[in-house]
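Below is one structure, written out as structure tokens; comments come after it.
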Amino acid sequence: MQLDGVRILDLTRLLPGPYATQLLADSGAEVIKIEDTGAGDYARHGQPRSERDVGAIFEMVNRGKKSVSLDLKSDEGTEAFYRLVESADVVFEQFRPGVVDRLGIDYETLRSYNEELIYCSLTGYGQEGPWADRAGHDLNYIGLAGLLDMTRESSDDKPQMPGYPIGDMSGGLFSAFAITEALLSRELGNTGGEYIDVAMSDVVASFSQSVAYQALTGDPAEPRPGQTALSGTFPWYDSYETADGEWVTLAALEPKFWRAFCEAVGKEHLIDAHEDHDPEAVAEVTEELEALFEERTREEWEDALGDVDAAFGGVYSPAEMVDHPQLDARDMIVRPDDAPPRIGFPARSSETPAGAGEELPGQGEHTESLLSSVGYTDAELEELRDADAIR
């Protein structure tokens with residue numbers, strides 16, 4: 001998991017791309033943010049603000065990176081970018097299709113400067129198809145993938161979606177995986193440089209494996225995602241409100257978990273109900289469990305069922321999550337002395353890299369030092385400043 005010596009030129013901003021490169025930076029890669037000479041990464045200026053007076057999202061996904069500020073619409077700025085490409089392993093961009101061609105920083109152009117370059121494009125819908133040029137965000141990707149009502153529908157029948165950016169985060173995560181895969185393939189001698197096209201809608205569609213088979217085979221009983229065994233259709237896999245207005249989850253999908261739950265709560269008469277999918281029978285079990293869980297608070301249920309092998313757990317807010325002893329035991333909540341607290345790297349390895357550190361780059365903070373490292377003289381840097389090609 002040590003990517004020391006890998007140099008990534010990161011043209012992305014906001015959340016999906018920076019999340020991907022933060023994972024790579026945490027694995028030891030040198031990530032250089034290429035920001036424009038205007039506002040730079042929009043996330044710098046967002047709300048809420050962190051303790052270091054930058055946007056909180058920027059704070060969370062840009063630690064330990066460097067920043068070079070270039071005007072890629074100028075010949076001088078583009079030429080400076082080409083010089084950086086010569087020493088890079090990866091270029092990662094998040095523009096709409098066609099933008100990099102207009103800027104002259106597309107894969108075919110850049111590979112003439114570096115044949116071993118790995119080039120990753122992350123977009124909403126990919127580089128081709130009738131939706132390729134559309135603007136999009138999470139709600140769009142989840143809707144296209146048929147997963148909008150993957151959570152339980154509300155009383156007014158309005159499809160629900162998770163309260164977090166599943167498309168952005170999963171797109172970033174898969175991009176990091178694809179880039180690492182390409183680096184390994186190159187290192188093994190299987191490939192040289194290569195182009196990677198990641199669409200966030202494709203990644204979210206990949207999440208539909210649990211409901212895809214019936215749709216793919218034309219099964220007339222094809223369920224909507226909101227009507228599957230994993231979406232609250234059955235009482236043994238659902239969430240329940242407790243006496244204090246909090247919530248708990250029961251995920252006793254396997255019969256052994258359901259049996260353990262029923263025995264623990266004195267509901268042995270419901271054990272055989274796990275095999276009964278008749279709607280009226282299911283509704284009766286649901287009603288019985290709703291009444292049961294309303295008898296105790298969330299923490300009382302945690303005390304009663306936490307050690308029972310029944311796939312049970314509480315539902316916690318983000319504020320509760322970051323103080324939860326399970327995440328604390330896994331060192332997932334990092335509380336540095338010199339920076340705001342953050343979420344840690346979600347994997348453990350016997351060869352753990354040093355990590356990205358806690359410093360945030362100022363916009364263009366490393367422009368001159370990095371351009372000097374690829375051969376620019378002081379006089380040439382002065383010319384770039386005079387031309388407003390760098391900041």
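Every chain in the structure tokens has a letter given in the order shown (A, B, ...), and although residue numbers restart at 1 in each chain, ligands are simply numbered from 1 in the order shown.
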Shell around A:Arg335 at 12 Å using only C-alpha atoms, local window under 6 positions removed, as a PDB file with all heavy atoms, in the first residue's frame:
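Result file selection.pdb:
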ATOM      1  N   VAL A 322     -18.794   9.677  15.214  1.00  0.00           N
ATOM      2  CA  VAL A 322     -17.381  10.014  15.368  1.00  0.00           C
ATOM      3  C   VAL A 322     -16.879   9.795  16.789  1.00  0.00           C
ATOM      4  O   VAL A 322     -15.671   9.826  17.032  1.00  0.00           O
ATOM      5  CB  VAL A 322     -17.112  11.469  14.927  1.00  0.00           C
ATOM      6  CG1 VAL A 322     -17.455  11.661  13.453  1.00  0.00           C
ATOM      7  CG2 VAL A 322     -17.887  12.470  15.788  1.00  0.00           C
ATOM      8  N   ASP A 323     -17.792   9.557  17.734  1.00  0.00           N
ATOM      9  CA  ASP A 323     -17.390   9.235  19.105  1.00  0.00           C
ATOM     10  C   ASP A 323     -17.663   7.780  19.463  1.00  0.00           C
ATOM     11  O   ASP A 323     -17.541   7.394  20.632  1.00  0.00           O
ATOM     12  CB  ASP A 323     -18.131  10.145  20.103  1.00  0.00           C
ATOM     13  CG  ASP A 323     -17.589  11.566  20.105  1.00  0.00           C
ATOM     14  OD1 ASP A 323     -16.361  11.722  19.957  1.00  0.00           O
ATOM     15  OD2 ASP A 323     -18.384  12.503  20.234  1.00  0.00           O
ATOM     16  N   ASP A 328     -13.422   4.212  17.230  1.00  0.00           N
ATOM     17  CA  ASP A 328     -12.262   4.597  18.018  1.00  0.00           C
ATOM     18  C   ASP A 328     -11.267   3.440  18.109  1.00  0.00           C
ATOM     19  O   ASP A 328     -10.064   3.634  17.976  1.00  0.00           O
ATOM     20  CB  ASP A 328     -12.711   5.031  19.411  1.00  0.00           C
ATOM     21  CG  ASP A 328     -11.544   5.510  20.262  1.00  0.00           C
ATOM     22  OD1 ASP A 328     -10.879   6.491  19.856  1.00  0.00           O
ATOM     23  OD2 ASP A 328     -11.283   4.904  21.317  1.00  0.00           O
ATOM     24  N   PRO A 341      -9.961  17.489  13.588  1.00  0.00           N
ATOM     25  CA  PRO A 341     -10.164  16.036  13.512  1.00  0.00           C
ATOM     26  C   PRO A 341     -10.671  15.638  12.142  1.00  0.00           C
ATOM     27  O   PRO A 341     -11.265  16.436  11.414  1.00  0.00           O
ATOM     28  CB  PRO A 341     -11.197  15.772  14.607  1.00  0.00           C
ATOM     29  CG  PRO A 341     -11.907  17.068  14.787  1.00  0.00           C
ATOM     30  CD  PRO A 341     -10.878  18.134  14.541  1.00  0.00           C
ATOM     31  N   ARG A 342     -10.440  14.366  11.795  1.00  0.00           N
ATOM     32  CA  ARG A 342     -10.829  13.890  10.471  1.00  0.00           C
ATOM     33  C   ARG A 342     -11.088  12.387  10.507  1.00  0.00           C
ATOM     34  O   ARG A 342     -10.796  11.708  11.484  1.00  0.00           O
ATOM     35  CB  ARG A 342      -9.738  14.197   9.447  1.00  0.00           C
ATOM     36  CG  ARG A 342      -8.400  13.536   9.770  1.00  0.00           C
ATOM     37  CD  ARG A 342      -7.364  13.813   8.703  1.00  0.00           C
ATOM     38  NE  ARG A 342      -6.058  13.295   9.033  1.00  0.00           N
ATOM     39  CZ  ARG A 342      -5.669  12.033   8.839  1.00  0.00           C
ATOM     40  NH1 ARG A 342      -6.511  11.148   8.331  1.00  0.00           N
ATOM     41  NH2 ARG A 342      -4.438  11.645   9.151  1.00  0.00           N
ATOM     42  N   ILE A 343     -11.636  11.882   9.411  1.00  0.00           N
ATOM     43  CA  ILE A 343     -11.828  10.451   9.229  1.00  0.00           C
ATOM     44  C   ILE A 343     -10.531   9.848   8.706  1.00  0.00           C
ATOM     45  O   ILE A 343      -9.893  10.404   7.799  1.00  0.00           O
ATOM     46  CB  ILE A 343     -12.966  10.166   8.233  1.00  0.00           C
ATOM     47  CG1 ILE A 343     -14.261  10.845   8.692  1.00  0.00           C
ATOM     48  CG2 ILE A 343     -13.174   8.666   8.062  1.00  0.00           C
ATOM     49  CD1 ILE A 343     -14.808  10.322   9.997  1.00  0.00           C
ATOM     50  N   GLY A 344     -10.132   8.716   9.243  1.00  0.00           N
ATOM     51  CA  GLY A 344      -8.882   8.094   8.843  1.00  0.00           C
ATOM     52  C   GLY A 344      -8.997   7.253   7.583  1.00  0.00           C
ATOM     53  O   GLY A 344     -10.066   7.136   6.968  1.00  0.00           O
ATOM     54  N   GLU A 358      -0.969  16.525   7.599  1.00  0.00           N
ATOM     55  CA  GLU A 358      -2.149  17.331   7.914  1.00  0.00           C
ATOM     56  C   GLU A 358      -2.157  18.710   7.252  1.00  0.00           C
ATOM     57  O   GLU A 358      -3.128  19.434   7.344  1.00  0.00           O
ATOM     58  CB  GLU A 358      -2.260  17.518   9.435  1.00  0.00           C
ATOM     59  CG  GLU A 358      -2.276  16.220  10.230  1.00  0.00           C
ATOM     60  CD  GLU A 358      -3.431  15.310   9.866  1.00  0.00           C
ATOM     61  OE1 GLU A 358      -4.476  15.817   9.402  1.00  0.00           O
ATOM     62  OE2 GLU A 358      -3.285  14.084  10.021  1.00  0.00           O
TER      63      GLU A 358
END
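For the residues A:Ala25, A:Leu305, A:Val203, A:Ile196, ranking by smallest atom-to-atom distance to A:Gly167 using only C-alpha atoms places A:Val203 first.
Across stretch 233-288 of chain A, DSSP run on the backbone finds strand (DSSP E or B) at Tyr237, Asp238, Ser239, Tyr240, Glu241, Trp247, Val248, Thr249, Leu250 and Ala251 of chain A.
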Filtering to all heavy atoms, could you give me those residues as a PDB file, in the first residue's frame?
ATOM      1  N   TYR A 237     -35.390  -7.573   8.220  1.00  0.00           N
ATOM      2  CA  TYR A 237     -34.341  -6.736   7.642  1.00  0.00           C
ATOM      3  C   TYR A 237     -34.885  -5.321   7.509  1.00  0.00           C
ATOM      4  O   TYR A 237     -35.296  -4.887   6.447  1.00  0.00           O
ATOM      5  CB  TYR A 237     -33.902  -7.277   6.279  1.00  0.00           C
ATOM      6  CG  TYR A 237     -32.520  -6.838   5.855  1.00  0.00           C
ATOM      7  CD1 TYR A 237     -31.404  -7.633   6.102  1.00  0.00           C
ATOM      8  CD2 TYR A 237     -32.318  -5.620   5.200  1.00  0.00           C
ATOM      9  CE1 TYR A 237     -30.136  -7.245   5.715  1.00  0.00           C
ATOM     10  CE2 TYR A 237     -31.057  -5.220   4.820  1.00  0.00           C
ATOM     11  CZ  TYR A 237     -29.971  -6.025   5.070  1.00  0.00           C
ATOM     12  OH  TYR A 237     -28.701  -5.629   4.690  1.00  0.00           O
ATOM     13  N   ASP A 238     -34.898  -4.606   8.627  1.00  0.00           N
ATOM     14  CA  ASP A 238     -35.557  -3.302   8.630  1.00  0.00           C
ATOM     15  C   ASP A 238     -35.029  -2.464   9.800  1.00  0.00           C
ATOM     16  O   ASP A 238     -34.231  -2.947  10.618  1.00  0.00           O
ATOM     17  CB  ASP A 238     -37.064  -3.478   8.761  1.00  0.00           C
ATOM     18  CG  ASP A 238     -37.851  -2.308   8.165  1.00  0.00           C
ATOM     19  OD1 ASP A 238     -37.212  -1.289   7.812  1.00  0.00           O
ATOM     20  OD2 ASP A 238     -39.085  -2.407   8.081  1.00  0.00           O
ATOM     21  N   SER A 239     -35.457  -1.235   9.868  1.00  0.00           N
ATOM     22  CA  SER A 239     -35.111  -0.356  10.986  1.00  0.00           C
ATOM     23  C   SER A 239     -36.378  -0.069  11.800  1.00  0.00           C
ATOM     24  O   SER A 239     -37.482  -0.030  11.252  1.00  0.00           O
ATOM     25  CB  SER A 239     -34.498   0.955  10.481  1.00  0.00           C
ATOM     26  OG  SER A 239     -35.366   1.608   9.573  1.00  0.00           O
ATOM     27  N   TYR A 240     -36.176   0.158  13.112  1.00  0.00           N
ATOM     28  CA  TYR A 240     -37.315   0.320  14.007  1.00  0.00           C
ATOM     29  C   TYR A 240     -37.074   1.472  14.974  1.00  0.00           C
ATOM     30  O   TYR A 240     -35.965   1.645  15.492  1.00  0.00           O
ATOM     31  CB  TYR A 240     -37.550  -0.970  14.805  1.00  0.00           C
ATOM     32  CG  TYR A 240     -38.001  -2.116  13.942  1.00  0.00           C
ATOM     33  CD1 TYR A 240     -37.078  -3.013  13.406  1.00  0.00           C
ATOM     34  CD2 TYR A 240     -39.346  -2.287  13.643  1.00  0.00           C
ATOM     35  CE1 TYR A 240     -37.492  -4.069  12.601  1.00  0.00           C
ATOM     36  CE2 TYR A 240     -39.778  -3.342  12.840  1.00  0.00           C
ATOM     37  CZ  TYR A 240     -38.840  -4.219  12.313  1.00  0.00           C
ATOM     38  OH  TYR A 240     -39.264  -5.245  11.512  1.00  0.00           O
ATOM     39  N   GLU A 241     -38.142   2.224  15.230  1.00  0.00           N
ATOM     40  CA  GLU A 241     -38.063   3.323  16.186  1.00  0.00           C
ATOM     41  C   GLU A 241     -38.164   2.776  17.604  1.00  0.00           C
ATOM     42  O   GLU A 241     -38.927   1.845  17.876  1.00  0.00           O
ATOM     43  CB  GLU A 241     -39.176   4.346  15.937  1.00  0.00           C
ATOM     44  CG  GLU A 241     -39.031   5.611  16.764  1.00  0.00           C
ATOM     45  CD  GLU A 241     -39.997   6.702  16.352  1.00  0.00           C
ATOM     46  OE1 GLU A 241     -40.891   6.422  15.514  1.00  0.00           O
ATOM     47  OE2 GLU A 241     -39.862   7.835  16.863  1.00  0.00           O
ATOM     48  N   TRP A 247     -33.441   5.073  16.687  1.00  0.00           N
ATOM     49  CA  TRP A 247     -33.721   3.957  15.787  1.00  0.00           C
ATOM     50  C   TRP A 247     -32.678   2.854  15.966  1.00  0.00           C
ATOM     51  O   TRP A 247     -31.541   3.117  16.364  1.00  0.00           O
ATOM     52  CB  TRP A 247     -33.738   4.425  14.332  1.00  0.00           C
ATOM     53  CG  TRP A 247     -34.898   5.315  14.015  1.00  0.00           C
ATOM     54  CD1 TRP A 247     -35.039   6.632  14.338  1.00  0.00           C
ATOM     55  CD2 TRP A 247     -36.097   4.941  13.338  1.00  0.00           C
ATOM     56  NE1 TRP A 247     -36.250   7.118  13.916  1.00  0.00           N
ATOM     57  CE2 TRP A 247     -36.927   6.091  13.278  1.00  0.00           C
ATOM     58  CE3 TRP A 247     -36.555   3.756  12.766  1.00  0.00           C
ATOM     59  CZ2 TRP A 247     -38.180   6.087  12.680  1.00  0.00           C
ATOM     60  CZ3 TRP A 247     -37.803   3.744  12.155  1.00  0.00           C
ATOM     61  CH2 TRP A 247     -38.604   4.891  12.121  1.00  0.00           C
ATOM     62  N   VAL A 248     -33.090   1.632  15.649  1.00  0.00           N
ATOM     63  CA  VAL A 248     -32.183   0.491  15.623  1.00  0.00           C
ATOM     64  C   VAL A 248     -32.394  -0.261  14.313  1.00  0.00           C
ATOM     65  O   VAL A 248     -33.423  -0.095  13.644  1.00  0.00           O
ATOM     66  CB  VAL A 248     -32.404  -0.468  16.810  1.00  0.00           C
ATOM     67  CG1 VAL A 248     -32.049   0.205  18.124  1.00  0.00           C
ATOM     68  CG2 VAL A 248     -33.845  -0.997  16.836  1.00  0.00           C
ATOM     69  N   THR A 249     -31.419  -1.079  13.952  1.00  0.00           N
ATOM     70  CA  THR A 249     -31.530  -1.901  12.751  1.00  0.00           C
ATOM     71  C   THR A 249     -31.501  -3.379  13.122  1.00  0.00           C
ATOM     72  O   THR A 249     -30.767  -3.794  14.019  1.00  0.00           O
ATOM     73  CB  THR A 249     -30.364  -1.628  11.782  1.00  0.00           C
ATOM     74  OG1 THR A 249     -29.120  -1.861  12.463  1.00  0.00           O
ATOM     75  CG2 THR A 249     -30.409  -0.208  11.259  1.00  0.00           C
ATOM     76  N   LEU A 250     -32.303  -4.144  12.421  1.00  0.00           N
ATOM     77  CA  LEU A 250     -32.291  -5.593  12.535  1.00  0.00           C
ATOM     78  C   LEU A 250     -32.043  -6.140  11.138  1.00  0.00           C
ATOM     79  O   LEU A 250     -32.815  -5.882  10.217  1.00  0.00           O
ATOM     80  CB  LEU A 250     -33.630  -6.105  13.078  1.00  0.00           C
ATOM     81  CG  LEU A 250     -33.747  -7.627  13.218  1.00  0.00           C
ATOM     82  CD1 LEU A 250     -32.768  -8.143  14.273  1.00  0.00           C
ATOM     83  CD2 LEU A 250     -35.182  -8.023  13.579  1.00  0.00           C
ATOM     84  N   ALA A 251     -30.946  -6.883  10.964  1.00  0.00           N
ATOM     85  CA  ALA A 251     -30.586  -7.404   9.643  1.00  0.00           C
ATOM     86  C   ALA A 251     -30.461  -8.921   9.686  1.00  0.00           C
ATOM     87  O   ALA A 251     -29.494  -9.509   9.210  1.00  0.00           O
ATOM     88  CB  ALA A 251     -29.284  -6.766   9.171  1.00  0.00           C
TER      89      ALA A 251
END
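Between A:Arg385 and the candidates A:Gly129, A:Gly77, A:Pro361, A:Pro353, the tightest atom-to-atom separation, counting only C-alpha atoms, involves A:Gly77.
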Can you pull out the residues contacting A:Met169? Cut-off 8 Å, using only C-alpha atoms, and skip same-chain residues under 4 positions away; I want them as a PDB file with N, CA and C atoms, in the first residue's frame.
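The resulting file, result04.pdb, is shown below:
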ATOM      1  N   LEU A  15     -15.492  17.320  -4.750  1.00  0.00           N
ATOM      2  CA  LEU A  15     -15.443  16.123  -3.908  1.00  0.00           C
ATOM      3  C   LEU A  15     -14.971  14.835  -4.579  1.00  0.00           C
ATOM      4  N   PRO A  16     -15.530  14.403  -5.714  1.00  0.00           N
ATOM      5  CA  PRO A  16     -15.218  13.045  -6.184  1.00  0.00           C
ATOM      6  C   PRO A  16     -13.738  12.818  -6.457  1.00  0.00           C
ATOM      7  N   TYR A  19     -11.411  13.287  -3.365  1.00  0.00           N
ATOM      8  CA  TYR A  19     -11.506  12.139  -2.456  1.00  0.00           C
ATOM      9  C   TYR A  19     -10.626  11.001  -2.955  1.00  0.00           C
ATOM     10  N   PRO A 165     -23.432  11.718  -0.419  1.00  0.00           N
ATOM     11  CA  PRO A 165     -23.200  11.664  -1.873  1.00  0.00           C
ATOM     12  C   PRO A 165     -22.626  10.328  -2.328  1.00  0.00           C
ATOM     13  N   LEU A 173     -13.831   6.597  -5.160  1.00  0.00           N
ATOM     14  CA  LEU A 173     -13.219   5.365  -4.665  1.00  0.00           C
ATOM     15  C   LEU A 173     -12.822   4.459  -5.821  1.00  0.00           C
TER      16      LEU A 173
END
**Study point:** Selection near stretch 174-187 of chain A, 12 Å with only C-alpha atoms, sequence-local residues under 5 positions removed, as a PyMOL selection string
**Key:** chain A and resi 1-3+5-8+10+12+16-29+88-94+115-123+166-169+192-204+206-207
Return as a tab-separated table the residues of stretch 7-55 of chain A lying at most 8 Å from stretch 64-69 of chain A, together with the closest atom-to-atom pair for each and the distance in Å to one decimal, counting only C-alpha atoms, with rows in chain order and ascending residue number.
residue	atom	partner	partner_atom	distance
A:Ala25	CA	A:Gly64	CA	7.0
A:Glu30	CA	A:Lys65	CA	6.9
A:Val31	CA	A:Lys65	CA	5.1
A:Ile32	CA	A:Lys66	CA	4.6
A:Lys33	CA	A:Ser67	CA	4.6
A:Ile34	CA	A:Val68	CA	5.1
A:Glu35	CA	A:Ser69	CA	4.7
A:Asp36	CA	A:Ser69	CA	5.3
A:Thr37	CA	A:Ser69	CA	5.4
A:Gly40	CA	A:Ser69	CA	7.6
Subject >> Contacts of A:Ala43 at 7 Å (only C-alpha atoms; same-chain gap of 6+ positions) as a PyMOL selection string >> reply: chain A and resi 14+55+57-58
Produce a file of the selected residues containing N, CA, C and O atoms, as an mmCIF file, in the first residue's frame.
data_model
loop_
_atom_site.group_PDB
_atom_site.id
_atom_site.type_symbol
_atom_site.label_atom_id
_atom_site.label_comp_id
_atom_site.auth_asym_id
_atom_site.auth_seq_id
_atom_site.Cartn_x
_atom_site.Cartn_y
_atom_site.Cartn_z
ATOM 1 N N LEU A 14 -13.702 20.046 -5.971
ATOM 2 C CA LEU A 14 -14.878 19.717 -5.164
ATOM 3 C C LEU A 14 -14.675 18.371 -4.460
ATOM 4 O O LEU A 14 -13.752 18.227 -3.686
ATOM 5 N N GLY A 55 -13.129 25.771 3.331
ATOM 6 C CA GLY A 55 -14.325 24.944 3.268
ATOM 7 C C GLY A 55 -14.081 23.587 3.909
ATOM 8 O O GLY A 55 -13.021 22.984 3.737
ATOM 9 N N ILE A 57 -15.246 20.635 3.294
ATOM 10 C CA ILE A 57 -14.975 19.552 2.347
ATOM 11 C C ILE A 57 -13.536 19.629 1.860
ATOM 12 O O ILE A 57 -12.843 18.615 1.760
ATOM 13 N N PHE A 58 -13.070 20.842 1.557
ATOM 14 C CA PHE A 58 -11.672 20.993 1.137
ATOM 15 C C PHE A 58 -10.737 20.487 2.232
ATOM 16 O O PHE A 58 -9.745 19.801 1.954
#
Students should find that atom CA of A:Phe257 and atom CA of A:Asp309 are spaced 6.1 Å
From atom CA of A:Arg330 to atom CA of A:Glu351 the spacing works out at 16.5 Å
task: Mind listing the alpha helix (DSSP H) residues of stretch 47-291 of chain A, per DSSP on the backbone, as JSON, numbers by chain?
output: {"A": [56, 57, 58, 59, 60, 61, 75, 76, 77, 78, 79, 80, 81, 82, 83, 84, 85, 99, 100, 101, 102, 103, 107, 108, 109, 110, 111, 138, 139, 140, 141, 142, 143, 144, 166, 167, 168, 169, 170, 171, 172, 173, 174, 175, 176, 177, 178, 179, 180, 181, 182, 183, 184, 185, 186, 187, 200, 201, 202, 203, 204, 205, 206, 209, 210, 211, 212, 213, 214, 215, 216, 255, 256, 257, 258, 259, 260, 261, 262, 263, 264, 279, 280, 281, 282, 283, 284, 285, 286, 287, 288, 289, 290, 291]}
Close residues, A:Ser373 itself excluded, 12 Å, only C-alpha atoms, min 4 positions apart in chain, as a PyMOL selection string
chain A and resi 80+83-84+86-87+366-369+377-378+381
